[in-house]
>>> print(open('target.pdb').read())   # PDB, C-alpha atoms
ATOM      1  CA  MET A   1     -10.242 -11.783  -6.487
ATOM      2  CA  GLU A   2      -6.685 -12.832  -7.243
ATOM      3  CA  GLN A   3      -4.302 -12.387  -4.372
ATOM      4  CA  ARG A   4      -2.298  -9.412  -5.592
ATOM      5  CA  VAL A   5      -2.032  -5.619  -5.627
ATOM      6  CA  SER A   6      -1.694  -3.710  -8.906
ATOM      7  CA  LEU A   7      -1.077  -0.146  -7.775
ATOM      8  CA  ILE A   8      -0.364   1.679  -4.537
ATOM      9  CA  THR A   9      -1.282   5.347  -4.859
ATOM     10  CA  LEU A  10       0.016   7.836  -2.321
ATOM     11  CA  GLY A  11      -1.985  11.048  -2.071
ATOM     12  CA  VAL A  12       0.380  14.032  -1.942
ATOM     13  CA  THR A  13      -0.038  17.759  -1.478
ATOM     14  CA  ASP A  14       2.979  18.790  -3.525
ATOM     15  CA  LEU A  15       3.757  16.456  -6.400
ATOM     16  CA  ASP A  16       7.185  17.939  -7.136
ATOM     17  CA  ARG A  17       8.265  17.678  -3.523
ATOM     18  CA  ALA A  18       7.053  14.084  -3.317
ATOM     19  CA  ARG A  19       8.739  13.150  -6.591
ATOM     20  CA  ARG A  20      12.025  14.736  -5.480
ATOM     21  CA  PHE A  21      11.881  12.769  -2.242
ATOM     22  CA  TYR A  22      11.503   9.400  -3.959
ATOM     23  CA  GLU A  23      14.087  10.343  -6.567
ATOM     24  CA  ALA A  24      16.535  11.236  -3.787
ATOM     25  CA  LEU A  25      16.034   7.675  -2.538
ATOM     26  CA  GLY A  26      17.040   6.447  -5.980
ATOM     27  CA  TRP A  27      13.652   5.821  -7.554
ATOM     28  CA  ARG A  28      13.040   6.694 -11.192
ATOM     29  CA  GLY A  29       9.563   7.232 -12.592
ATOM     30  CA  GLN A  30       7.495   8.803 -15.297
ATOM     31  CA  GLU A  31       5.326  11.866 -14.910
ATOM     32  CA  VAL A  32       2.169  12.217 -16.955
ATOM     33  CA  GLU A  33      -0.797  14.505 -16.304
ATOM     34  CA  GLU A  34       0.303  15.511 -12.806
ATOM     35  CA  THR A  35       0.806  11.896 -11.814
ATOM     36  CA  VAL A  36       4.118  10.147 -11.145
ATOM     37  CA  PHE A  37       4.349   6.412 -11.811
ATOM     38  CA  PHE A  38       7.149   4.223 -10.465
ATOM     39  CA  GLN A  39       7.467   0.586 -11.502
ATOM     40  CA  ALA A  40       8.009  -1.273  -8.225
ATOM     41  CA  GLY A  41       8.374  -4.980  -8.854
ATOM     42  CA  GLY A  42       5.089  -6.346 -10.176
ATOM     43  CA  LEU A  43       3.106  -3.247  -9.282
ATOM     44  CA  GLY A  44       3.102   0.487  -9.781
ATOM     45  CA  LEU A  45       3.654   2.990  -6.982
ATOM     46  CA  VAL A  46       1.884   6.208  -7.905
ATOM     47  CA  LEU A  47       2.040   9.765  -6.563
ATOM     48  CA  TRP A  48      -1.109  11.794  -7.161
ATOM     49  CA  GLY A  49      -2.771  14.855  -5.674
ATOM     50  CA  ARG A  50      -4.570  13.727  -2.563
ATOM     51  CA  GLU A  51      -7.765  15.678  -3.168
ATOM     52  CA  LYS A  52      -8.071  14.084  -6.587
ATOM     53  CA  LEU A  53      -7.253  10.685  -5.150
ATOM     54  CA  ALA A  54      -9.899  10.992  -2.458
ATOM     55  CA  ARG A  55     -12.515  12.158  -4.950
ATOM     56  CA  ASP A  56     -11.598   9.369  -7.319
ATOM     57  CA  SER A  57     -12.181   6.793  -4.582
ATOM     58  CA  GLY A  58     -15.492   8.329  -3.557
ATOM     59  CA  ARG A  59     -14.012   9.556  -0.272
ATOM     60  CA  GLU A  60     -13.737  12.865   1.514
ATOM     61  CA  ALA A  61     -10.174  14.124   1.642
ATOM     62  CA  GLY A  62     -10.746  16.232   4.705
ATOM     63  CA  THR A  63     -12.067  13.676   7.140
ATOM     64  CA  ALA A  64     -10.060  12.059   9.864
ATOM     65  CA  GLY A  65      -7.894   9.089   9.035
ATOM     66  CA  GLY A  66      -8.584   5.407   9.223
ATOM     67  CA  PHE A  67      -8.196   5.679  12.962
ATOM     68  CA  GLY A  68     -11.077   8.077  13.349
ATOM     69  CA  GLY A  69     -13.917   5.672  13.034
ATOM     70  CA  PHE A  70     -13.413   2.806  15.429
ATOM     71  CA  GLY A  71     -15.677  -0.093  14.764
ATOM     72  CA  GLY A  72     -16.976   1.247  11.511
ATOM     73  CA  PHE A  73     -15.716   2.577   8.248
ATOM     74  CA  GLY A  74     -12.765   4.824   8.912
ATOM     75  CA  GLY A  75     -11.920   8.000   7.056
ATOM     76  CA  PHE A  76      -9.522   8.362   4.197
ATOM     77  CA  GLY A  77      -5.865   7.949   5.063
ATOM     78  CA  GLY A  78      -4.370   9.002   1.766
ATOM     79  CA  ILE A  79      -3.229   5.648   0.407
ATOM     80  CA  VAL A  80      -5.328   3.724  -2.101
ATOM     81  CA  LEU A  81      -4.638   0.179  -3.259
ATOM     82  CA  ALA A  82      -5.758  -0.875  -6.704
ATOM     83  CA  HIS A  83      -6.600  -4.292  -8.023
ATOM     84  CA  ASN A  84      -6.645  -4.399 -11.805
ATOM     85  CA  VAL A  85      -8.605  -7.094 -13.582
ATOM     86  CA  ARG A  86      -8.870  -8.328 -17.138
ATOM     87  CA  SER A  87     -12.388  -7.253 -18.088
ATOM     88  CA  ARG A  88     -15.160  -4.817 -17.208
ATOM     89  CA  ASP A  89     -17.322  -7.711 -16.075
ATOM     90  CA  GLU A  90     -14.716  -8.606 -13.483
ATOM     91  CA  VAL A  91     -14.871  -5.047 -12.118
ATOM     92  CA  ASP A  92     -18.612  -5.315 -11.604
ATOM     93  CA  ALA A  93     -18.355  -8.812 -10.162
ATOM     94  CA  LEU A  94     -15.664  -7.898  -7.649
ATOM     95  CA  LEU A  95     -17.493  -4.794  -6.417
ATOM     96  CA  GLY A  96     -20.581  -6.923  -5.846
ATOM     97  CA  GLN A  97     -18.546  -9.559  -4.054
ATOM     98  CA  ALA A  98     -16.896  -6.935  -1.819
ATOM     99  CA  GLU A  99     -20.289  -5.595  -0.823
ATOM    100  CA  ARG A 100     -21.655  -9.026  -0.018
ATOM    101  CA  ALA A 101     -18.522  -9.742   2.022
ATOM    102  CA  GLY A 102     -19.156  -6.746   4.285
ATOM    103  CA  GLY A 103     -17.308  -4.004   2.418
ATOM    104  CA  ARG A 104     -18.814  -0.793   1.166
ATOM    105  CA  VAL A 105     -18.846   0.330  -2.465
ATOM    106  CA  THR A 106     -17.615   3.931  -2.283
ATOM    107  CA  LYS A 107     -17.653   4.507  -6.031
ATOM    108  CA  PRO A 108     -19.856   2.518  -8.406
ATOM    109  CA  ALA A 109     -18.082   1.310 -11.518
ATOM    110  CA  ALA A 110     -17.920   3.907 -14.274
ATOM    111  CA  GLU A 111     -15.933   4.714 -17.362
ATOM    112  CA  SER A 112     -12.968   7.029 -16.870
ATOM    113  CA  PRO A 113     -11.445   9.449 -19.407
ATOM    114  CA  HIS A 114      -8.611   7.157 -20.515
ATOM    115  CA  GLY A 115     -10.685   4.203 -21.606
ATOM    116  CA  PHE A 116     -10.554   2.466 -18.316
ATOM    117  CA  TYR A 117     -13.423   1.325 -16.196
ATOM    118  CA  SER A 118     -13.225   1.380 -12.433
ATOM    119  CA  GLY A 119     -15.021   1.548  -9.146
ATOM    120  CA  ALA A 120     -13.930   1.470  -5.534
ATOM    121  CA  PHE A 121     -14.763  -0.252  -2.293
ATOM    122  CA  ALA A 122     -13.687   0.147   1.307
ATOM    123  CA  ASP A 123     -12.860  -2.878   3.410
ATOM    124  CA  PRO A 124     -14.496  -3.155   6.870
ATOM    125  CA  ASP A 125     -11.787  -0.889   8.338
ATOM    126  CA  GLY A 126     -12.243   1.714   5.628
ATOM    127  CA  HIS A 127      -9.124   0.842   3.631
ATOM    128  CA  PRO A 128      -9.811   1.840   0.047
ATOM    129  CA  TRP A 129      -9.408  -0.419  -2.974
ATOM    130  CA  GLU A 130      -9.906   0.688  -6.516
ATOM    131  CA  VAL A 131     -10.989  -2.079  -8.884
ATOM    132  CA  ALA A 132     -10.090  -1.311 -12.475
ATOM    133  CA  HIS A 133      -9.979  -2.644 -15.973
ATOM    134  CA  ASN A 134      -7.264  -0.662 -17.719
ATOM    135  CA  PRO A 135      -6.133  -2.089 -21.044
ATOM    136  CA  GLY A 136      -3.242   0.396 -21.073
ATOM    137  CA  PHE A 137      -1.582  -1.243 -18.048
ATOM    138  CA  PRO A 138      -0.876  -4.810 -19.132
ATOM    139  CA  LEU A 139      -1.188  -7.655 -16.645
ATOM    140  CA  ALA A 140       1.024 -10.708 -16.923
ATOM    141  CA  GLU A 141      -0.440 -14.158 -16.504
ATOM    142  CA  ASP A 142       0.553 -14.114 -12.820
ATOM    143  CA  GLY A 143      -1.120 -10.715 -12.407
ATOM    144  CA  ALA A 144       2.055  -8.633 -12.300
ATOM    145  CA  LEU A 145       1.417  -5.171 -13.712
ATOM    146  CA  THR A 146       3.800  -3.421 -16.081
ATOM    147  CA  LEU A 147       3.473   0.320 -16.524
ATOM    148  CA  PRO A 148       3.488   1.495 -20.134
ATOM    149  CA  GLU A 149       6.072   3.875 -21.545
ATOM    150  CA  PHE A 150       3.738   6.824 -21.428
ATOM    151  CA  ASP A 151       5.623   8.972 -23.906
ATOM    152  CA  THR A 152       5.176   6.361 -26.605
ATOM    153  CA  LEU A 153       1.402   6.123 -26.167
TER     154      LEU A 153
ATOM    155  CA  MET B   1      16.654   2.126  -2.111
ATOM    156  CA  GLU B   2      15.523  -0.488  -4.583
ATOM    157  CA  GLN B   3      12.289   0.330  -6.328
ATOM    158  CA  ARG B   4       9.962  -2.126  -4.655
ATOM    159  CA  VAL B   5       7.558  -2.696  -1.762
ATOM    160  CA  SER B   6       7.945  -5.708   0.539
ATOM    161  CA  LEU B   7       4.849  -5.524   2.726
ATOM    162  CA  ILE B   8       1.626  -3.564   2.859
ATOM    163  CA  THR B   9       0.171  -3.642   6.354
ATOM    164  CA  LEU B  10      -3.437  -2.649   6.919
ATOM    165  CA  GLY B  11      -4.277  -1.584  10.462
ATOM    166  CA  VAL B  12      -7.534  -3.188  11.554
ATOM    167  CA  THR B  13      -9.766  -2.945  14.613
ATOM    168  CA  ASP B  14     -11.125  -6.478  14.447
ATOM    169  CA  LEU B  15      -8.682  -9.001  13.020
ATOM    170  CA  ASP B  16     -11.257 -11.770  12.610
ATOM    171  CA  ARG B  17     -13.661  -9.503  10.776
ATOM    172  CA  ALA B  18     -10.889  -8.259   8.474
ATOM    173  CA  ARG B  19      -9.641 -11.780   7.799
ATOM    174  CA  ARG B  20     -13.156 -13.013   7.027
ATOM    175  CA  PHE B  21     -13.617 -10.147   4.569
ATOM    176  CA  TYR B  22     -10.472 -10.955   2.581
ATOM    177  CA  GLU B  23     -11.233 -14.662   2.732
ATOM    178  CA  ALA B  24     -14.706 -13.990   1.350
ATOM    179  CA  LEU B  25     -12.954 -12.340  -1.601
ATOM    180  CA  GLY B  26     -11.022 -15.553  -2.098
ATOM    181  CA  TRP B  27      -7.752 -14.746  -0.343
ATOM    182  CA  ARG B  28      -5.968 -17.363   1.740
ATOM    183  CA  GLY B  29      -3.442 -16.444   4.405
ATOM    184  CA  GLN B  30      -1.695 -17.537   7.542
ATOM    185  CA  GLU B  31      -2.417 -16.258  11.021
ATOM    186  CA  VAL B  32       0.365 -16.048  13.561
ATOM    187  CA  GLU B  33       0.470 -14.005  16.748
ATOM    188  CA  GLU B  34      -2.640 -11.956  15.961
ATOM    189  CA  THR B  35      -1.329 -11.097  12.518
ATOM    190  CA  VAL B  36      -2.648 -12.353   9.176
ATOM    191  CA  PHE B  37      -0.207 -12.651   6.278
ATOM    192  CA  PHE B  38      -1.318 -13.017   2.659
ATOM    193  CA  GLN B  39       1.210 -13.659  -0.110
ATOM    194  CA  ALA B  40       0.246 -11.174  -2.840
ATOM    195  CA  GLY B  41       2.567 -11.523  -5.803
ATOM    196  CA  GLY B  42       6.062 -10.493  -4.743
ATOM    197  CA  LEU B  43       4.946  -8.900  -1.504
ATOM    198  CA  GLY B  44       3.002  -9.673   1.614
ATOM    199  CA  LEU B  45      -0.296  -8.029   2.510
ATOM    200  CA  VAL B  46      -0.659  -8.044   6.263
ATOM    201  CA  LEU B  47      -3.583  -7.433   8.633
ATOM    202  CA  TRP B  48      -2.559  -6.236  12.082
ATOM    203  CA  GLY B  49      -4.172  -4.367  14.958
ATOM    204  CA  ARG B  50      -4.048  -0.700  14.107
ATOM    205  CA  GLU B  51      -2.956   0.494  17.527
ATOM    206  CA  LYS B  52      -0.014  -1.888  17.420
ATOM    207  CA  LEU B  53       0.758  -0.877  13.858
ATOM    208  CA  ALA B  54       0.757   2.815  14.718
ATOM    209  CA  ARG B  55       2.958   2.262  17.756
ATOM    210  CA  ASP B  56       5.318   0.116  15.752
ATOM    211  CA  SER B  57       5.757   2.912  13.204
ATOM    212  CA  GLY B  58       6.300   5.542  15.876
ATOM    213  CA  ARG B  59       2.949   7.150  15.120
ATOM    214  CA  GLU B  60      -0.143   8.055  17.100
ATOM    215  CA  ALA B  61      -3.111   5.918  16.185
ATOM    216  CA  GLY B  62      -5.628   8.499  17.282
ATOM    217  CA  THR B  63      -4.600  11.482  15.190
ATOM    218  CA  ALA B  64      -6.277  12.616  12.040
ATOM    219  CA  GLY B  65      -5.391  10.913   8.797
ATOM    220  CA  GLY B  66      -2.885  11.833   6.151
ATOM    221  CA  PHE B  67      -5.261  14.541   5.054
ATOM    222  CA  GLY B  68      -5.190  16.343   8.367
ATOM    223  CA  GLY B  69      -1.869  18.066   8.039
ATOM    224  CA  PHE B  70      -1.763  19.957   4.802
ATOM    225  CA  GLY B  71       1.687  21.103   3.877
ATOM    226  CA  GLY B  72       3.418  19.119   6.571
ATOM    227  CA  PHE B  73       3.612  15.626   7.914
ATOM    228  CA  GLY B  74       0.131  14.187   7.980
ATOM    229  CA  GLY B  75      -1.283  11.899  10.608
ATOM    230  CA  PHE B  76      -1.437   8.167  10.466
ATOM    231  CA  GLY B  77      -3.856   6.737   7.944
ATOM    232  CA  GLY B  78      -3.639   3.107   8.964
ATOM    233  CA  ILE B  79      -1.606   1.684   6.082
ATOM    234  CA  VAL B  80       2.130   1.129   6.384
ATOM    235  CA  LEU B  81       4.431   0.153   3.538
ATOM    236  CA  ALA B  82       7.561  -1.809   4.300
ATOM    237  CA  HIS B  83      10.797  -2.024   2.403
ATOM    238  CA  ASN B  84      12.882  -5.005   3.442
ATOM    239  CA  VAL B  85      16.606  -4.977   2.861
ATOM    240  CA  ARG B  86      19.389  -7.542   3.052
ATOM    241  CA  SER B  87      21.374  -6.310   6.052
ATOM    242  CA  ARG B  88      21.142  -4.210   9.189
ATOM    243  CA  ASP B  89      23.580  -1.738   7.692
ATOM    244  CA  GLU B  90      21.164  -1.128   4.853
ATOM    245  CA  VAL B  91      18.408  -0.306   7.359
ATOM    246  CA  ASP B  92      20.583   2.355   8.983
ATOM    247  CA  ALA B  93      21.746   3.710   5.638
ATOM    248  CA  LEU B  94      18.237   4.023   4.213
ATOM    249  CA  LEU B  95      16.841   5.767   7.283
ATOM    250  CA  GLY B  96      19.691   8.280   7.054
ATOM    251  CA  GLN B  97      19.080   8.778   3.367
ATOM    252  CA  ALA B  98      15.348   9.306   3.919
ATOM    253  CA  GLU B  99      16.070  11.969   6.499
ATOM    254  CA  ARG B 100      18.514  13.796   4.252
ATOM    255  CA  ALA B 101      15.966  13.623   1.427
ATOM    256  CA  GLY B 102      13.355  15.480   3.483
ATOM    257  CA  GLY B 103      11.608  12.636   5.239
ATOM    258  CA  ARG B 104      11.255  12.202   8.963
ATOM    259  CA  VAL B 105      12.519   9.220  10.925
ATOM    260  CA  THR B 106       9.543   8.276  13.098
ATOM    261  CA  LYS B 107      11.194   5.232  14.685
ATOM    262  CA  PRO B 108      14.966   4.849  14.944
ATOM    263  CA  ALA B 109      16.265   1.454  13.964
ATOM    264  CA  ALA B 110      16.089  -1.108  16.741
ATOM    265  CA  GLU B 111      16.024  -4.833  17.233
ATOM    266  CA  SER B 112      12.572  -6.434  17.370
ATOM    267  CA  PRO B 113      11.552  -9.582  19.254
ATOM    268  CA  HIS B 114      11.774 -11.921  16.257
ATOM    269  CA  GLY B 115      15.365 -11.284  15.308
ATOM    270  CA  PHE B 116      14.583  -8.557  12.891
ATOM    271  CA  TYR B 117      15.915  -5.046  12.871
ATOM    272  CA  SER B 118      13.767  -2.186  11.720
ATOM    273  CA  GLY B 119      13.016   1.496  11.827
ATOM    274  CA  ALA B 120      10.482   3.740  10.132
ATOM    275  CA  PHE B 121      10.306   6.992   8.261
ATOM    276  CA  ALA B 122       7.507   9.184   6.959
ATOM    277  CA  ASP B 123       7.704  10.676   3.497
ATOM    278  CA  PRO B 124       7.025  14.421   3.115
ATOM    279  CA  ASP B 125       3.268  13.761   3.065
ATOM    280  CA  GLY B 126       3.417  11.602   6.159
ATOM    281  CA  HIS B 127       3.109   8.251   4.409
ATOM    282  CA  PRO B 128       4.824   5.701   6.629
ATOM    283  CA  TRP B 129       7.512   3.278   5.499
ATOM    284  CA  GLU B 130       9.028   0.635   7.665
ATOM    285  CA  VAL B 131      12.587  -0.326   6.740
ATOM    286  CA  ALA B 132      13.484  -3.807   7.927
ATOM    287  CA  HIS B 133      16.053  -6.532   7.824
ATOM    288  CA  ASN B 134      14.143  -9.735   8.490
ATOM    289  CA  PRO B 135      16.072 -12.918   7.737
ATOM    290  CA  GLY B 136      12.853 -14.912   8.200
ATOM    291  CA  PHE B 137      11.239 -13.310   5.146
ATOM    292  CA  PRO B 138      13.490 -14.236   2.235
ATOM    293  CA  LEU B 139      14.068 -11.775  -0.604
ATOM    294  CA  ALA B 140      14.694 -13.027  -4.125
ATOM    295  CA  GLU B 141      17.400 -11.472  -6.238
ATOM    296  CA  ASP B 142      14.828  -9.125  -7.785
ATOM    297  CA  GLY B 143      13.616  -8.146  -4.321
ATOM    298  CA  ALA B 144      10.386 -10.153  -4.367
ATOM    299  CA  LEU B 145       9.455 -11.253  -0.852
ATOM    300  CA  THR B 146       8.222 -14.733  -0.018
ATOM    301  CA  LEU B 147       6.429 -15.265   3.264
ATOM    302  CA  PRO B 148       7.622 -18.278   5.247
ATOM    303  CA  GLU B 149       5.378 -21.167   6.207
ATOM    304  CA  PHE B 150       4.988 -19.986   9.754
ATOM    305  CA  ASP B 151       3.850 -23.306  11.195
ATOM    306  CA  THR B 152       7.090 -24.963  10.154
ATOM    307  CA  LEU B 153       9.315 -22.359  11.835
TER     308      LEU B 153
END
>>> encode(input="target.pdb", output="structure tokens")
Amino acid sequence: MEQRVSLITLGVTDLDRARRFYEALGWRGQEVEETVFFQAGGLGLVLWGREKLARDSGREAGTAGGFGGFGGFGGFGGIVLAHNVRSRDEVDALLGQAERAGGRVTKPAAESPHGFYSGAFADPDGHPWEVAHNPGFPLAEDGALTLPEFDTL
Amino acid sequence: MEQRVSLITLGVTDLDRARRFYEALGWRGQEVEETVFFQAGGLGLVLWGREKLARDSGREAGTAGGFGGFGGFGGFGGIVLAHNVRSRDEVDALLGQAERAGGRVTKPAAESPHGFYSGAFADPDGHPWEVAHNPGFPLAEDGALTLPEFDTL
């Protein structure tokens, strides 16, 4: 696993309110399919409905946060990190490696609607990582992710 | 507020276990004062005791996660984002701006033991952001953060 983060997704209850907040701080993003993407250095910061985010990570949105489950896998705190890789094989390999290292695969790798392939694991404290191959989000040689211009896709 | 993230801190219950997990995935970091720092592209990914992390953000570690408080400020999910700036004045200014934008200042700006100055706000969904001026963690012109070599400080 390269030492980098591709996306940080914040689960939100009201996408417009969340977008307005970050825009009031000066951020500018793109909205596509009820998702707001901000380019933030070499990664994307994403706002997405938190129920969908939890489901997508194989987690329950309604459970207590990461602080609920001392000593074991915590609940879902509403922030998901993503690590994008360069091939589907790397997705499978990294999920296997995470499990052997003491993590828990919360969503086995599967194809998603937009041609990407992803799964998810939780680290020993329950922090969720999505692992994805998404040809639409190019990775530089150093792993930096650049969001596409969605309206030109 | 520049459009970037400086640190992602994961609250953990067992620092050694968490460090071993990320090391088993191939990550290499530095441990200093019960904190593990990994350089991850232009930001730092940090492992820190979750009680300390919650306290440091002005949050309660024991409350339900970000999914507990629909429609309002959620609880603490165990992940804190940090946005480092270039001066103490910028810390004050950004906390004020976050409040005016509909966020909540959860920790007023104050000096910390290591010569840095920081405060924290929660976005409308309760996601915590630390805002910090930390001369020990240099920022490049584009905002990328480079962790110091702690053992040479």
>>> residues_around(input="target.pdb", residues="range 78-90 of chain A", least_positions_apart="5", cutoff="6 Å", atoms="only C-alpha atoms", output="number ranges by chain")
A: 5-11, 128-133; B: 66
>>> closest_residue(input="target.pdb", among="B:Leu95, B:Ala24, B:Leu47, B:Ala54", to="chain A", atoms="only C-alpha atoms")
B:Ala24
>>> residues_around(input="target.pdb", residues="Glu51 in chain A", least_positions_apart="2", cutoff="10 Å", atoms="all atoms listed in the file", output="ChimeraX atom specification")
/A:11-13,48-49,53-56,59-62,78 /B:67
>>> closest_residue(input="target.pdb", among="B:Phe38, B:Trp27, B:Tyr22, B:Phe76", to="Thr146 in chain B", atoms="all atoms listed in the file")
B:Phe38
>>> atom_distance(input="target.pdb", atom1="CA of Thr106 in chain A", atom2="CA of Ala140 in chain A")
27.9 Å
>>> atom_distance(input="target.pdb", atom1="CA of Phe150 in chain B", atom2="CA of Asp142 in chain A")
23.7 Å
>>> residues_around(input="target.pdb", residues="Gln3 in chain B", least_positions_apart="3", cutoff="9 Å", atoms="all atoms listed in the file", output="compact mmCIF listing (two decimals) with C-alpha atoms, keeping the file's coordinate frame")
# COMPACT_ATOMS: atom_id res chain seq x y z
CA GLY A 26 17.04 6.45 -5.98
CA TRP A 27 13.65 5.82 -7.55
CA ARG A 28 13.04 6.69 -11.19
CA PHE A 38 7.15 4.22 -10.46
CA GLN A 39 7.47 0.59 -11.50
CA ALA A 40 8.01 -1.27 -8.22
CA GLY A 41 8.37 -4.98 -8.85
CA GLY B 143 13.62 -8.15 -4.32
>>> resolve_selection(input="target.pdb", expression="the PyMOL selection byres ((chain B and resi 105) around 7)", output="PyMOL selection string")
chain B and resi 95+99+103-104+106-108+120-122
>>> build_atoms(input="target.pdb", residues="range 101-121 of chain A", atoms="N, CA and C atoms", output="PDB file, in the frame of the given file")
ATOM      1  N   ALA A 101     -19.462  -9.283   0.993  1.00  0.00           N
ATOM      2  CA  ALA A 101     -18.522  -9.742   2.022  1.00  0.00           C
ATOM      3  C   ALA A 101     -18.455  -8.800   3.215  1.00  0.00           C
ATOM      4  N   GLY A 102     -19.170  -7.677   3.165  1.00  0.00           N
ATOM      5  CA  GLY A 102     -19.156  -6.746   4.285  1.00  0.00           C
ATOM      6  C   GLY A 102     -18.372  -5.481   4.025  1.00  0.00           C
ATOM      7  N   GLY A 103     -17.955  -5.267   2.778  1.00  0.00           N
ATOM      8  CA  GLY A 103     -17.308  -4.004   2.418  1.00  0.00           C
ATOM      9  C   GLY A 103     -18.358  -2.987   1.999  1.00  0.00           C
ATOM     10  N   ARG A 104     -17.895  -1.843   1.579  1.00  0.00           N
ATOM     11  CA  ARG A 104     -18.814  -0.793   1.166  1.00  0.00           C
ATOM     12  C   ARG A 104     -18.325  -0.259  -0.176  1.00  0.00           C
ATOM     13  N   VAL A 105     -19.217  -0.240  -1.168  1.00  0.00           N
ATOM     14  CA  VAL A 105     -18.846   0.330  -2.465  1.00  0.00           C
ATOM     15  C   VAL A 105     -18.869   1.849  -2.315  1.00  0.00           C
ATOM     16  N   THR A 106     -17.713   2.472  -2.457  1.00  0.00           N
ATOM     17  CA  THR A 106     -17.615   3.931  -2.283  1.00  0.00           C
ATOM     18  C   THR A 106     -17.706   4.655  -3.618  1.00  0.00           C
ATOM     19  N   LYS A 107     -17.463   3.937  -4.697  1.00  0.00           N
ATOM     20  CA  LYS A 107     -17.653   4.507  -6.031  1.00  0.00           C
ATOM     21  C   LYS A 107     -18.122   3.412  -6.968  1.00  0.00           C
ATOM     22  N   PRO A 108     -19.369   3.534  -7.467  1.00  0.00           N
ATOM     23  CA  PRO A 108     -19.856   2.518  -8.406  1.00  0.00           C
ATOM     24  C   PRO A 108     -18.988   2.525  -9.664  1.00  0.00           C
ATOM     25  N   ALA A 109     -18.916   1.411 -10.315  1.00  0.00           N
ATOM     26  CA  ALA A 109     -18.082   1.310 -11.518  1.00  0.00           C
ATOM     27  C   ALA A 109     -18.552   2.284 -12.587  1.00  0.00           C
ATOM     28  N   ALA A 110     -17.609   2.950 -13.218  1.00  0.00           N
ATOM     29  CA  ALA A 110     -17.920   3.907 -14.274  1.00  0.00           C
ATOM     30  C   ALA A 110     -16.721   4.016 -15.197  1.00  0.00           C
ATOM     31  N   GLU A 111     -16.994   4.530 -16.390  1.00  0.00           N
ATOM     32  CA  GLU A 111     -15.933   4.714 -17.362  1.00  0.00           C
ATOM     33  C   GLU A 111     -15.135   5.963 -17.005  1.00  0.00           C
ATOM     34  N   SER A 112     -13.830   5.884 -17.136  1.00  0.00           N
ATOM     35  CA  SER A 112     -12.968   7.029 -16.870  1.00  0.00           C
ATOM     36  C   SER A 112     -12.424   7.559 -18.193  1.00  0.00           C
ATOM     37  N   PRO A 113     -11.893   8.805 -18.166  1.00  0.00           N
ATOM     38  CA  PRO A 113     -11.445   9.449 -19.407  1.00  0.00           C
ATOM     39  C   PRO A 113     -10.524   8.602 -20.286  1.00  0.00           C
ATOM     40  N   HIS A 114      -9.635   7.802 -19.694  1.00  0.00           N
ATOM     41  CA  HIS A 114      -8.611   7.157 -20.515  1.00  0.00           C
ATOM     42  C   HIS A 114      -8.981   5.747 -20.957  1.00  0.00           C
ATOM     43  N   GLY A 115     -10.269   5.510 -21.109  1.00  0.00           N
ATOM     44  CA  GLY A 115     -10.685   4.203 -21.606  1.00  0.00           C
ATOM     45  C   GLY A 115     -10.660   3.137 -20.538  1.00  0.00           C
ATOM     46  N   PHE A 116     -10.464   3.522 -19.299  1.00  0.00           N
ATOM     47  CA  PHE A 116     -10.554   2.466 -18.316  1.00  0.00           C
ATOM     48  C   PHE A 116     -11.835   2.579 -17.513  1.00  0.00           C
ATOM     49  N   TYR A 117     -12.135   1.508 -16.844  1.00  0.00           N
ATOM     50  CA  TYR A 117     -13.423   1.325 -16.196  1.00  0.00           C
ATOM     51  C   TYR A 117     -13.114   0.913 -14.769  1.00  0.00           C
ATOM     52  N   SER A 118     -13.618   1.676 -13.816  1.00  0.00           N
ATOM     53  CA  SER A 118     -13.225   1.380 -12.433  1.00  0.00           C
ATOM     54  C   SER A 118     -14.281   1.807 -11.439  1.00  0.00           C
ATOM     55  N   GLY A 119     -14.215   1.183 -10.300  1.00  0.00           N
ATOM     56  CA  GLY A 119     -15.021   1.548  -9.146  1.00  0.00           C
ATOM     57  C   GLY A 119     -14.160   1.372  -7.921  1.00  0.00           C
ATOM     58  N   ALA A 120     -14.734   1.584  -6.746  1.00  0.00           N
ATOM     59  CA  ALA A 120     -13.930   1.470  -5.534  1.00  0.00           C
ATOM     60  C   ALA A 120     -14.775   0.923  -4.394  1.00  0.00           C
ATOM     61  N   PHE A 121     -14.105   0.159  -3.527  1.00  0.00           N
ATOM     62  CA  PHE A 121     -14.763  -0.252  -2.293  1.00  0.00           C
ATOM     63  C   PHE A 121     -13.845   0.018  -1.119  1.00  0.00           C
TER      64      PHE A 121
END
